[in-house]
Structure formats: structure tokens, C-alpha cells
file query.pdb (PDB, C-alpha atoms)
MODEL        1
ATOM      1  CA  MET A   1       0.000   0.000   0.000
ATOM      2  CA  LYS A   2       2.957   2.334   0.546
ATOM      3  CA  ASP A   3       3.391   3.631  -3.012
ATOM      4  CA  GLN A   4      -0.234   3.311  -4.106
ATOM      5  CA  HIS A   5      -2.390   6.396  -4.109
ATOM      6  CA  VAL A   6      -5.542   7.442  -5.925
ATOM      7  CA  ASP A   7      -6.803  11.020  -5.857
ATOM      8  CA  VAL A   8     -10.434  11.567  -4.903
ATOM      9  CA  SER A   9     -12.006  12.470  -8.246
ATOM     10  CA  ALA A  10     -15.329  11.809  -9.925
ATOM     11  CA  ASP A  11     -14.373  13.434 -13.222
ATOM     12  CA  PRO A  12     -12.941  11.193 -14.392
ATOM     13  CA  ILE A  13     -13.424   8.312 -12.001
ATOM     14  CA  PRO A  14      -9.989   6.717 -11.503
ATOM     15  CA  LYS A  15      -9.443   3.366 -13.199
ATOM     16  CA  GLU A  16      -8.490   1.818  -9.830
ATOM     17  CA  VAL A  17     -11.918   2.720  -8.442
ATOM     18  CA  LEU A  18     -13.763   1.285 -11.436
ATOM     19  CA  ASP A  19     -11.638  -1.880 -11.290
ATOM     20  CA  TYR A  20     -12.371  -2.240  -7.578
ATOM     21  CA  CYS A  21     -16.107  -1.756  -8.127
ATOM     22  CA  ARG A  22     -15.991  -4.486 -10.804
ATOM     23  CA  SER A  23     -14.111  -6.820  -8.464
ATOM     24  CA  VAL A  24     -16.802  -6.679  -5.747
ATOM     25  CA  THR A  25     -19.875  -6.988  -8.010
ATOM     26  CA  THR A  26     -21.381  -9.636 -10.246
ATOM     27  CA  THR A  27     -24.010  -7.692 -12.197
ATOM     28  CA  GLU A  28     -24.052  -4.425 -14.097
ATOM     29  CA  LYS A  29     -26.703  -3.071 -11.704
ATOM     30  CA  GLN A  30     -24.478  -3.801  -8.666
ATOM     31  CA  PHE A  31     -21.516  -2.230 -10.416
ATOM     32  CA  GLU A  32     -23.538   0.915 -11.107
ATOM     33  CA  GLN A  33     -24.621   1.099  -7.430
ATOM     34  CA  GLU A  34     -21.013   0.858  -6.255
ATOM     35  CA  ARG A  35     -19.864   3.429  -8.799
ATOM     36  CA  GLU A  36     -22.638   5.792  -7.639
ATOM     37  CA  ALA A  37     -21.576   5.256  -4.015
ATOM     38  CA  TYR A  38     -18.102   6.412  -4.990
ATOM     39  CA  VAL A  39     -19.487   9.481  -6.822
ATOM     40  CA  ALA A  40     -21.547  10.393  -3.722
ATOM     41  CA  PHE A  41     -18.373  10.030  -1.630
ATOM     42  CA  CYS A  42     -16.541  12.429  -3.983
ATOM     43  CA  GLU A  43     -19.332  14.980  -3.598
ATOM     44  CA  LYS A  44     -19.185  14.693   0.196
ATOM     45  CA  TYR A  45     -15.381  15.011   0.061
ATOM     46  CA  SER A  46     -15.548  18.146  -2.100
ATOM     47  CA  LYS A  47     -17.968  19.798   0.356
ATOM     48  CA  GLU A  48     -15.895  18.950   3.449
ATOM     49  CA  ARG A  49     -13.969  21.991   4.688
ATOM     50  CA  ASP A  50     -12.154  20.432   7.655
ATOM     51  CA  PRO A  51      -8.684  19.488   6.307
ATOM     52  CA  LYS A  52      -8.213  16.705   8.894
ATOM     53  CA  LYS A  53     -11.536  15.100   7.930
ATOM     54  CA  ARG A  54     -10.501  15.309   4.287
ATOM     55  CA  ILE A  55      -7.275  13.482   5.163
ATOM     56  CA  VAL A  56      -9.284  10.745   6.914
ATOM     57  CA  MET A  57     -11.580  10.453   3.895
ATOM     58  CA  GLU A  58      -8.678  10.283   1.456
ATOM     59  CA  MET A  59      -6.834   7.700   3.570
ATOM     60  CA  PHE A  60     -10.004   5.638   3.863
ATOM     61  CA  LEU A  61     -10.306   5.520   0.075
ATOM     62  CA  GLN A  62      -6.722   4.224  -0.154
ATOM     63  CA  TYR A  63      -7.528   1.645   2.542
ATOM     64  CA  LEU A  64     -10.608   0.521   0.610
ATOM     65  CA  LEU A  65      -8.784   0.198  -2.704
ATOM     66  CA  PHE A  66      -5.433  -1.237  -1.653
ATOM     67  CA  SER A  67      -5.794  -3.113   1.633
ATOM     68  CA  LYS A  68      -6.412  -6.828   1.205
ATOM     69  CA  VAL A  69      -7.883  -7.390   4.679
ATOM     70  CA  HIS A  70     -11.417  -5.966   4.567
ATOM     71  CA  GLY A  71     -13.494  -7.115   1.561
ATOM     72  CA  MET A  72     -15.854  -4.100   1.775
ATOM     73  CA  THR A  73     -17.969  -2.723  -1.024
ATOM     74  CA  PRO A  74     -17.743   1.014  -1.717
ATOM     75  CA  SER A  75     -21.444   1.436  -0.838
ATOM     76  CA  TYR A  76     -20.712   0.196   2.687
ATOM     77  CA  ALA A  77     -17.141   1.431   3.113
ATOM     78  CA  LEU A  78     -17.746   4.996   1.936
ATOM     79  CA  THR A  79     -20.839   5.442   4.122
ATOM     80  CA  SER A  80     -21.103   3.413   7.348
ATOM     81  CA  ALA A  81     -17.458   2.400   7.708
ATOM     82  CA  LEU A  82     -16.240   5.880   6.782
ATOM     83  CA  SER A  83     -18.614   7.335   9.355
ATOM     84  CA  ASP A  84     -16.982   5.079  11.976
ATOM     85  CA  ALA A  85     -13.535   6.273  10.887
ATOM     86  CA  LEU A  86     -14.596   9.918  11.150
ATOM     87  CA  ASN A  87     -16.086   9.238  14.602
ATOM     88  CA  ASP A  88     -12.812   7.601  15.673
ATOM     89  CA  GLU A  89     -10.944  10.699  14.483
ATOM     90  CA  ALA A  90     -13.304  12.975  16.437
ATOM     91  CA  LYS A  91     -12.707  10.909  19.603
ATOM     92  CA  ALA A  92      -8.930  11.071  19.096
ATOM     93  CA  LYS A  93      -9.134  14.839  18.570
ATOM     94  CA  ARG A  94     -11.085  15.262  21.822
ATOM     95  CA  ALA A  95      -8.621  13.036  23.700
ATOM     96  CA  MET A  96      -5.538  14.847  22.435
ATOM     97  CA  TYR A  97      -3.945  17.770  24.218
ATOM     98  CA  PRO A  98      -3.496  20.949  22.141
ATOM     99  CA  GLN A  99      -1.578  20.024  18.995
ATOM    100  CA  ALA A 100       0.997  22.805  19.345
ATOM    101  CA  LEU A 101       1.866  21.644  22.863
ATOM    102  CA  HIS A 102       1.848  17.988  21.834
ATOM    103  CA  GLU A 103       4.183  18.803  18.935
ATOM    104  CA  GLU A 104       6.697  20.626  21.151
ATOM    105  CA  ILE A 105       6.852  17.747  23.665
ATOM    106  CA  ALA A 106       7.191  15.214  20.834
ATOM    107  CA  ASP A 107      10.025  17.271  19.319
ATOM    108  CA  ILE A 108      11.854  17.181  22.656
ATOM    109  CA  LEU A 109      11.376  13.417  22.899
ATOM    110  CA  THR A 110      12.547  12.711  19.340
ATOM    111  CA  SER A 111      15.592  14.992  19.529
ATOM    112  CA  SER A 112      16.847  13.784  22.911
ATOM    113  CA  THR A 113      18.951  10.889  21.663
ATOM    114  CA  TYR A 114      22.682  10.883  21.275
ATOM    115  CA  THR A 115      25.388   8.449  20.301
ATOM    116  CA  VAL A 116      28.283   8.124  22.766
ATOM    117  CA  GLY A 117      31.340   9.722  21.219
ATOM    118  CA  ARG A 118      29.339  11.375  18.432
ATOM    119  CA  GLY A 119      27.035  13.745  20.284
ATOM    120  CA  LYS A 120      23.403  14.548  19.713
ATOM    121  CA  SER A 121      21.765  12.920  16.721
ATOM    122  CA  THR A 122      19.259  14.538  14.425
ATOM    123  CA  ASN A 123      15.552  14.062  15.064
ATOM    124  CA  TRP A 124      14.332  10.542  14.503
ATOM    125  CA  THR A 125      11.886  10.004  11.656
ATOM    126  CA  MET A 126       8.311   9.944  12.895
ATOM    127  CA  HIS A 127       6.067   7.117  11.735
ATOM    128  CA  THR A 128       2.438   6.379  12.342
ATOM    129  CA  ALA A 129      -0.415   4.125  11.404
ATOM    130  CA  SER A 130      -4.111   4.377  11.980
ATOM    131  CA  GLN A 131      -6.789   1.728  12.085
ATOM    132  CA  TYR A 132      -7.793   2.495   8.503
ATOM    133  CA  SER A 133      -4.378   3.126   7.052
ATOM    134  CA  GLN A 134      -0.956   1.630   6.694
ATOM    135  CA  PHE A 135       0.543   5.079   6.213
ATOM    136  CA  ASP A 136       4.183   4.966   7.316
ATOM    137  CA  GLY A 137       5.020   8.654   7.663
ATOM    138  CA  ASP A 138       6.201   9.327   4.114
ATOM    139  CA  GLY A 139       4.720  12.165   2.125
ATOM    140  CA  ARG A 140       3.088  14.257   4.857
ATOM    141  CA  ARG A 141       4.676  16.451   7.518
ATOM    142  CA  PRO A 142       4.212  15.419  11.130
ATOM    143  CA  PHE A 143       2.053  16.764  12.773
ATOM    144  CA  SER A 144       0.490  19.483  10.652
ATOM    145  CA  ASP A 145      -0.613  17.069   7.900
ATOM    146  CA  TRP A 146      -1.604  14.218  10.222
ATOM    147  CA  THR A 147      -4.959  13.422  11.742
ATOM    148  CA  ALA A 148      -5.396  13.321  15.524
ATOM    149  CA  GLY A 149      -5.463   9.521  15.383
ATOM    150  CA  GLU A 150      -2.154   9.475  13.535
ATOM    151  CA  ILE A 151      -0.590  11.934  15.978
ATOM    152  CA  LEU A 152      -1.632   9.802  18.942
ATOM    153  CA  GLY A 153      -0.280   6.720  17.143
ATOM    154  CA  SER A 154       3.070   8.296  16.247
ATOM    155  CA  TYR A 155       6.311   6.469  17.014
ATOM    156  CA  VAL A 156      10.000   6.365  16.176
ATOM    157  CA  LYS A 157      11.971   3.230  15.360
ATOM    158  CA  PHE A 158      15.212   2.162  17.017
ATOM    159  CA  GLY A 159      16.098  -0.936  15.041
ATOM    160  CA  SER A 160      13.336  -3.405  15.878
ATOM    161  CA  HIS A 161      12.140  -1.307  18.826
ATOM    162  CA  HIS A 162       9.414   1.307  18.584
ATOM    163  CA  PHE A 163       9.087   4.249  20.974
ATOM    164  CA  SER A 164       5.488   5.488  21.148
ATOM    165  CA  VAL A 165       5.932   9.258  21.025
ATOM    166  CA  GLY A 166       2.189   9.929  20.773
ATOM    167  CA  LYS A 167       1.290   7.913  23.860
ATOM    168  CA  ALA A 168       4.330   9.111  25.835
ATOM    169  CA  THR A 169       3.467  12.742  25.112
ATOM    170  CA  GLN A 170      -0.139  12.200  26.190
ATOM    171  CA  ARG A 171       0.991  10.550  29.420
ATOM    172  CA  ILE A 172       3.467  13.333  30.247
ATOM    173  CA  LEU A 173       0.867  16.050  29.701
ATOM    174  CA  GLY A 174      -1.782  14.072  31.617
ATOM    175  CA  VAL A 175       0.486  13.646  34.651
ATOM    176  CA  LEU A 176       1.301  17.373  34.679
ATOM    177  CA  GLU A 177      -2.374  18.334  34.450
ATOM    178  CA  GLU A 178      -3.420  15.973  37.214
ATOM    179  CA  ARG A 179      -0.542  16.691  39.572
ATOM    180  CA  TYR A 180      -0.653  20.473  39.307
ATOM    181  CA  GLY A 181      -4.365  21.025  38.650
ATOM    182  CA  ILE A 182      -3.853  22.753  35.336
ATOM    183  CA  ASP A 183      -5.862  22.630  32.110
ATOM    184  CA  PHE A 184      -3.701  22.728  28.988
ATOM    185  CA  GLU A 185      -6.700  23.429  26.725
ATOM    186  CA  GLU A 186      -7.538  26.545  28.758
ATOM    187  CA  LEU A 187      -3.896  27.635  28.975
ATOM    188  CA  GLU A 188      -3.524  27.251  25.205
ATOM    189  CA  LYS A 189      -6.618  29.423  24.619
ATOM    190  CA  GLN A 190      -5.149  32.081  26.925
ATOM    191  CA  ARG A 191      -1.795  31.945  25.158
ATOM    192  CA  LYS A 192      -3.473  32.380  21.748
ATOM    193  CA  SER A 193      -5.552  35.319  22.985
ATOM    194  CA  LEU A 194      -2.375  37.150  24.044
ATOM    195  CA  LYS A 195      -0.897  36.998  20.540
TER     196      LYS A 195
ENDMDL
END
call {"tool": "encode", "arguments": {"input": "query.pdb", "output": "C-alpha cells"}}
result
Amino acid sequence: MKDQHVDVSADPIPKEVLDYCRSVTTTEKQFEQEREAYVAFCEKYSKERDPKKRIVMEMFLQYLLFSKVHGMTPSYALTSALSDALNDEAKAKRAMYPQALHEEIADILTSSTYTVGRGKSTNWTMHTASQYSQFDGDGRRPFSDWTAGEILGSYVKFGSHHFSVGKATQRILGVLEERYGIDFEELEKQRKSLK
């Protein structure tokens, strides 16, 4: 799935989408229903103004077309299953501390390594995956181009070991809030209002 990508477009409908619709149908009527489900998805995508939701929608299309583990039809995947994915993203967004704060803590964590005798290393490459994606971090900038679910699932690799930056950052901020009775959401709003 890494190098495969199809743009969301109904004019023209990408060949990969038409091929997928053919692969999950047996009659021309079923094919037309699946094709129409994709066209309706494109219309919904074009009307969506939230860039993070658009990322989720685009990733979900890639998941539908290129993942071999689901067996979903477009009429189901691009309605009910997509709705679940968008709900999951909304939950992750509510659970996440302010992105700017999360990003600064994550930057500290990923730039705090050093090699004995060589000094501080450069930042480790951030990776992520979400339930509906096998996105590996290539092609989009962490964290500005990532969804909340991807940010929370972010990690760096040390050989075969993974360090969960997203979860570690959440835990650090949670401990500070609880211990000192502070609210990072409120503090972030105050900081923005002073600018």
C-alpha cells in the first residue's frame, strides 16, 4: 500500500476505483450502485472543509482500494465504515492535548537521543499508522498534515524497537495536568488570545 495512491475524483473516475467496483460486483446493476456510491463520496469530500476530515476520507479511500484485509464494497465502506472512521478521528481529537503543545513535547522526545562519542543525533523520523491506514510517515509532515489519530499513534523506530511518542506525550501532559491542577486546553486558549 505504501506507493499506491488514488486522488479523490469523480471526473474522471480513476481506473483503480472502477476496477475495484468491478471486483466486488457480479451484475451491471451492482456495479452501477457501487460506482454511484463512490461518486456520492466524492461529492461529500468536495464539500468537506475540515482538512483533517478530508485526510481521513482520502486515507479511507486508499484503505478501501489497496488493503487486502477488509473485503468491503464502496457502498458500505464509503458510508457506514467511513462514518466510523470519522467518529474515531473525532474521539482522538477530543482526547488529544493541544496540537501545538503535543508537537513541542514530541520534538523534545525525538531529539533527545545521542550516540556516545558522536554527540546529539538529528531528530528521529516519525512514523504512524491508523486503524484504517498503513501510512508509514512518508509524504506528509508530522504533525500538521496528520490526523489526531495518527498523531496519537506516532512512534520512532530504534532498530526493531518502537518508541510510542504519541502515547508518551499524552501521558506526560496528563500527569502534569493531574498533579498540578492545570488545564492545557484553557492555557492554550489564553496563550493564543495574548498573541
call {"tool": "resolve_selection", "arguments": {"input": "query.pdb", "expression": "the PyMOL selection byres ((chain A and resi 36) around 12)", "output": "PyMOL selection string"}}
result
chain A and resi 10+13+17-18+21+29-35+37-43+73-76+78-79
call {"tool": "resolve_selection", "arguments": {"input": "query.pdb", "expression": "the PyMOL selection byres ((chain A and resi 45) around 10)", "output": "list in words"}}
result
Val8, Ser9, Val39, Ala40, Phe41, Cys42, Glu43, Lys44, Ser46, Lys47, Glu48, Arg49, Asp50, Lys53, Arg54, Ile55, Met57 and Glu58 of chain A
call {"tool": "write_last_selection", "arguments": {"input": "query.pdb", "atoms": "C-alpha atoms", "output": "short mmCIF file (atom, residue, chain, number, x, y, z; two decimals), keeping the file's coordinate frame"}}
result
data_model
loop_
_atom_site.label_atom_id
_atom_site.label_comp_id
_atom_site.auth_asym_id
_atom_site.auth_seq_id
_atom_site.Cartn_x
_atom_site.Cartn_y
_atom_site.Cartn_z
CA VAL A 8 -10.43 11.57 -4.90
CA SER A 9 -12.01 12.47 -8.25
CA VAL A 39 -19.49 9.48 -6.82
CA ALA A 40 -21.55 10.39 -3.72
CA PHE A 41 -18.37 10.03 -1.63
CA CYS A 42 -16.54 12.43 -3.98
CA GLU A 43 -19.33 14.98 -3.60
CA LYS A 44 -19.18 14.69 0.20
CA SER A 46 -15.55 18.15 -2.10
CA LYS A 47 -17.97 19.80 0.36
CA GLU A 48 -15.90 18.95 3.45
CA ARG A 49 -13.97 21.99 4.69
CA ASP A 50 -12.15 20.43 7.66
CA LYS A 53 -11.54 15.10 7.93
CA ARG A 54 -10.50 15.31 4.29
CA ILE A 55 -7.28 13.48 5.16
CA MET A 57 -11.58 10.45 3.90
CA GLU A 58 -8.68 10.28 1.46
#
call {"tool": "atom_distance", "arguments": {"input": "query.pdb", "atom1": "CA of His162 (chain A)", "atom2": "CA of Pro51 (chain A)"}}
result
28.4 Å
call {"tool": "resolve_selection", "arguments": {"input": "query.pdb", "expression": "the PyMOL selection byres ((chain A and resi 188) around 10)", "output": "ChimeraX atom specification"}}
result
/A:97-101,183-187,189-193
call {"tool": "closest_residue", "arguments": {"input": "query.pdb", "among": "A:Lys195, A:His127, A:His5, A:Lys167", "to": "Ser67 (chain A)", "atoms": "all atoms listed in the file"}}
result
A:His5
call {"tool": "axis_aligned_box", "arguments": {"input": "query.pdb", "around": "region 146-154 of chain A", "padding_each_side": "4 Å", "output": "lines of an AutoDock Vina configuration file"}}
result
center_x = -1.2
center_y = 10.5
center_z = 14.6
size_x = 16.5
size_y = 15.5
size_z = 16.7
call {"tool": "atom_distance", "arguments": {"input": "query.pdb", "atom1": "CA of Gly159 (chain A)", "atom2": "CA of Pro142 (chain A)"}}
result
20.6 Å
call {"tool": "atom_distance", "arguments": {"input": "query.pdb", "atom1": "CA of Leu86 (chain A)", "atom2": "CA of Phe60 (chain A)"}}
result
9.6 Å
call {"tool": "closest_residue", "arguments": {"input": "query.pdb", "among": "A:Pro14, A:Gly181, A:Gly149, A:Gly166", "to": "Leu61 (chain A)", "atoms": "all atoms listed in the file"}}
result
A:Pro14
call {"tool": "residues_around", "arguments": {"input": "query.pdb", "residues": "Leu109 (chain A)", "least_positions_apart": "3", "cutoff": "12 Å", "atoms": "only C-alpha atoms", "output": "number ranges by chain"}}
result
A: 102-106, 112-114, 122-126, 154-156, 163-169, 172
call {"tool": "closest_residue", "arguments": {"input": "query.pdb", "among": "A:Ile182, A:Val24, A:Leu173, A:Leu152", "to": "Arg94 (chain A)", "atoms": "all atoms listed in the file"}}
result
A:Leu152
call {"tool": "decode", "arguments": {"input": "query.pdb", "residues": "region 74-86 of chain A", "atoms": "all heavy atoms", "output": "PDB file, in the first residue's frame"}}
result
ATOM      1  N   PRO A  74     -17.747  -0.441  -1.873  1.00  0.00           N
ATOM      2  CA  PRO A  74     -17.743   1.014  -1.717  1.00  0.00           C
ATOM      3  C   PRO A  74     -19.024   1.547  -1.073  1.00  0.00           C
ATOM      4  O   PRO A  74     -18.981   2.483  -0.283  1.00  0.00           O
ATOM      5  CB  PRO A  74     -17.581   1.526  -3.148  1.00  0.00           C
ATOM      6  CG  PRO A  74     -16.814   0.446  -3.831  1.00  0.00           C
ATOM      7  CD  PRO A  74     -17.364  -0.826  -3.242  1.00  0.00           C
ATOM      8  N   SER A  75     -20.185   0.942  -1.398  1.00  0.00           N
ATOM      9  CA  SER A  75     -21.444   1.436  -0.838  1.00  0.00           C
ATOM     10  C   SER A  75     -21.487   1.298   0.676  1.00  0.00           C
ATOM     11  O   SER A  75     -22.116   2.113   1.359  1.00  0.00           O
ATOM     12  CB  SER A  75     -22.640   0.717  -1.465  1.00  0.00           C
ATOM     13  OG  SER A  75     -22.558  -0.672  -1.258  1.00  0.00           O
ATOM     14  N   TYR A  76     -20.810   0.325   1.232  1.00  0.00           N
ATOM     15  CA  TYR A  76     -20.712   0.196   2.687  1.00  0.00           C
ATOM     16  C   TYR A  76     -19.520   0.997   3.223  1.00  0.00           C
ATOM     17  O   TYR A  76     -19.647   1.776   4.159  1.00  0.00           O
ATOM     18  CB  TYR A  76     -20.568  -1.271   3.095  1.00  0.00           C
ATOM     19  CG  TYR A  76     -20.238  -1.428   4.564  1.00  0.00           C
ATOM     20  CD1 TYR A  76     -21.205  -1.213   5.531  1.00  0.00           C
ATOM     21  CD2 TYR A  76     -18.941  -1.733   4.974  1.00  0.00           C
ATOM     22  CE1 TYR A  76     -20.897  -1.317   6.881  1.00  0.00           C
ATOM     23  CE2 TYR A  76     -18.625  -1.831   6.310  1.00  0.00           C
ATOM     24  CZ  TYR A  76     -19.607  -1.627   7.268  1.00  0.00           C
ATOM     25  OH  TYR A  76     -19.301  -1.717   8.594  1.00  0.00           O
ATOM     26  N   ALA A  77     -18.370   0.820   2.606  1.00  0.00           N
ATOM     27  CA  ALA A  77     -17.141   1.431   3.113  1.00  0.00           C
ATOM     28  C   ALA A  77     -17.207   2.946   3.122  1.00  0.00           C
ATOM     29  O   ALA A  77     -16.772   3.585   4.080  1.00  0.00           O
ATOM     30  CB  ALA A  77     -15.945   0.979   2.282  1.00  0.00           C
ATOM     31  N   LEU A  78     -17.767   3.540   2.080  1.00  0.00           N
ATOM     32  CA  LEU A  78     -17.746   4.996   1.936  1.00  0.00           C
ATOM     33  C   LEU A  78     -18.947   5.674   2.593  1.00  0.00           C
ATOM     34  O   LEU A  78     -19.131   6.878   2.453  1.00  0.00           O
ATOM     35  CB  LEU A  78     -17.646   5.369   0.458  1.00  0.00           C
ATOM     36  CG  LEU A  78     -16.391   4.818  -0.241  1.00  0.00           C
ATOM     37  CD1 LEU A  78     -16.405   5.148  -1.722  1.00  0.00           C
ATOM     38  CD2 LEU A  78     -15.121   5.326   0.426  1.00  0.00           C
ATOM     39  N   THR A  79     -19.725   4.887   3.337  1.00  0.00           N
ATOM     40  CA  THR A  79     -20.839   5.442   4.122  1.00  0.00           C
ATOM     41  C   THR A  79     -20.672   5.042   5.581  1.00  0.00           C
ATOM     42  O   THR A  79     -20.082   5.777   6.367  1.00  0.00           O
ATOM     43  CB  THR A  79     -22.203   4.987   3.566  1.00  0.00           C
ATOM     44  OG1 THR A  79     -22.261   3.555   3.548  1.00  0.00           O
ATOM     45  CG2 THR A  79     -22.439   5.522   2.161  1.00  0.00           C
ATOM     46  N   SER A  80     -21.121   3.857   5.945  1.00  0.00           N
ATOM     47  CA  SER A  80     -21.103   3.413   7.348  1.00  0.00           C
ATOM     48  C   SER A  80     -19.694   3.290   7.913  1.00  0.00           C
ATOM     49  O   SER A  80     -19.409   3.798   8.997  1.00  0.00           O
ATOM     50  CB  SER A  80     -21.815   2.064   7.481  1.00  0.00           C
ATOM     51  OG  SER A  80     -23.156   2.184   7.095  1.00  0.00           O
ATOM     52  N   ALA A  81     -18.819   2.598   7.200  1.00  0.00           N
ATOM     53  CA  ALA A  81     -17.458   2.400   7.708  1.00  0.00           C
ATOM     54  C   ALA A  81     -16.698   3.722   7.761  1.00  0.00           C
ATOM     55  O   ALA A  81     -15.949   3.977   8.715  1.00  0.00           O
ATOM     56  CB  ALA A  81     -16.708   1.374   6.857  1.00  0.00           C
ATOM     57  N   LEU A  82     -16.884   4.568   6.765  1.00  0.00           N
ATOM     58  CA  LEU A  82     -16.240   5.880   6.782  1.00  0.00           C
ATOM     59  C   LEU A  82     -16.759   6.709   7.949  1.00  0.00           C
ATOM     60  O   LEU A  82     -15.996   7.407   8.613  1.00  0.00           O
ATOM     61  CB  LEU A  82     -16.473   6.622   5.468  1.00  0.00           C
ATOM     62  CG  LEU A  82     -15.932   8.048   5.418  1.00  0.00           C
ATOM     63  CD1 LEU A  82     -14.417   8.082   5.618  1.00  0.00           C
ATOM     64  CD2 LEU A  82     -16.313   8.717   4.098  1.00  0.00           C
ATOM     65  N   SER A  83     -18.037   6.629   8.215  1.00  0.00           N
ATOM     66  CA  SER A  83     -18.614   7.335   9.355  1.00  0.00           C
ATOM     67  C   SER A  83     -17.940   6.897  10.659  1.00  0.00           C
ATOM     68  O   SER A  83     -17.633   7.724  11.521  1.00  0.00           O
ATOM     69  CB  SER A  83     -20.119   7.080   9.418  1.00  0.00           C
ATOM     70  OG  SER A  83     -20.687   7.736  10.518  1.00  0.00           O
ATOM     71  N   ASP A  84     -17.692   5.592  10.796  1.00  0.00           N
ATOM     72  CA  ASP A  84     -16.982   5.079  11.976  1.00  0.00           C
ATOM     73  C   ASP A  84     -15.569   5.656  12.056  1.00  0.00           C
ATOM     74  O   ASP A  84     -15.100   6.027  13.126  1.00  0.00           O
ATOM     75  CB  ASP A  84     -16.909   3.550  11.949  1.00  0.00           C
ATOM     76  CG  ASP A  84     -18.264   2.891  12.168  1.00  0.00           C
ATOM     77  OD1 ASP A  84     -19.205   3.566  12.638  1.00  0.00           O
ATOM     78  OD2 ASP A  84     -18.375   1.679  11.869  1.00  0.00           O
ATOM     79  N   ALA A  85     -14.896   5.728  10.911  1.00  0.00           N
ATOM     80  CA  ALA A  85     -13.535   6.273  10.887  1.00  0.00           C
ATOM     81  C   ALA A  85     -13.533   7.750  11.279  1.00  0.00           C
ATOM     82  O   ALA A  85     -12.663   8.192  12.035  1.00  0.00           O
ATOM     83  CB  ALA A  85     -12.915   6.094   9.495  1.00  0.00           C
ATOM     84  N   LEU A  86     -14.510   8.505  10.792  1.00  0.00           N
ATOM     85  CA  LEU A  86     -14.596   9.918  11.150  1.00  0.00           C
ATOM     86  C   LEU A  86     -14.942  10.098  12.627  1.00  0.00           C
ATOM     87  O   LEU A  86     -14.430  11.007  13.278  1.00  0.00           O
ATOM     88  CB  LEU A  86     -15.618  10.632  10.259  1.00  0.00           C
ATOM     89  CG  LEU A  86     -15.179  10.799   8.795  1.00  0.00           C
ATOM     90  CD1 LEU A  86     -16.357  11.236   7.928  1.00  0.00           C
ATOM     91  CD2 LEU A  86     -14.013  11.762   8.668  1.00  0.00           C
TER      92      LEU A  86
END
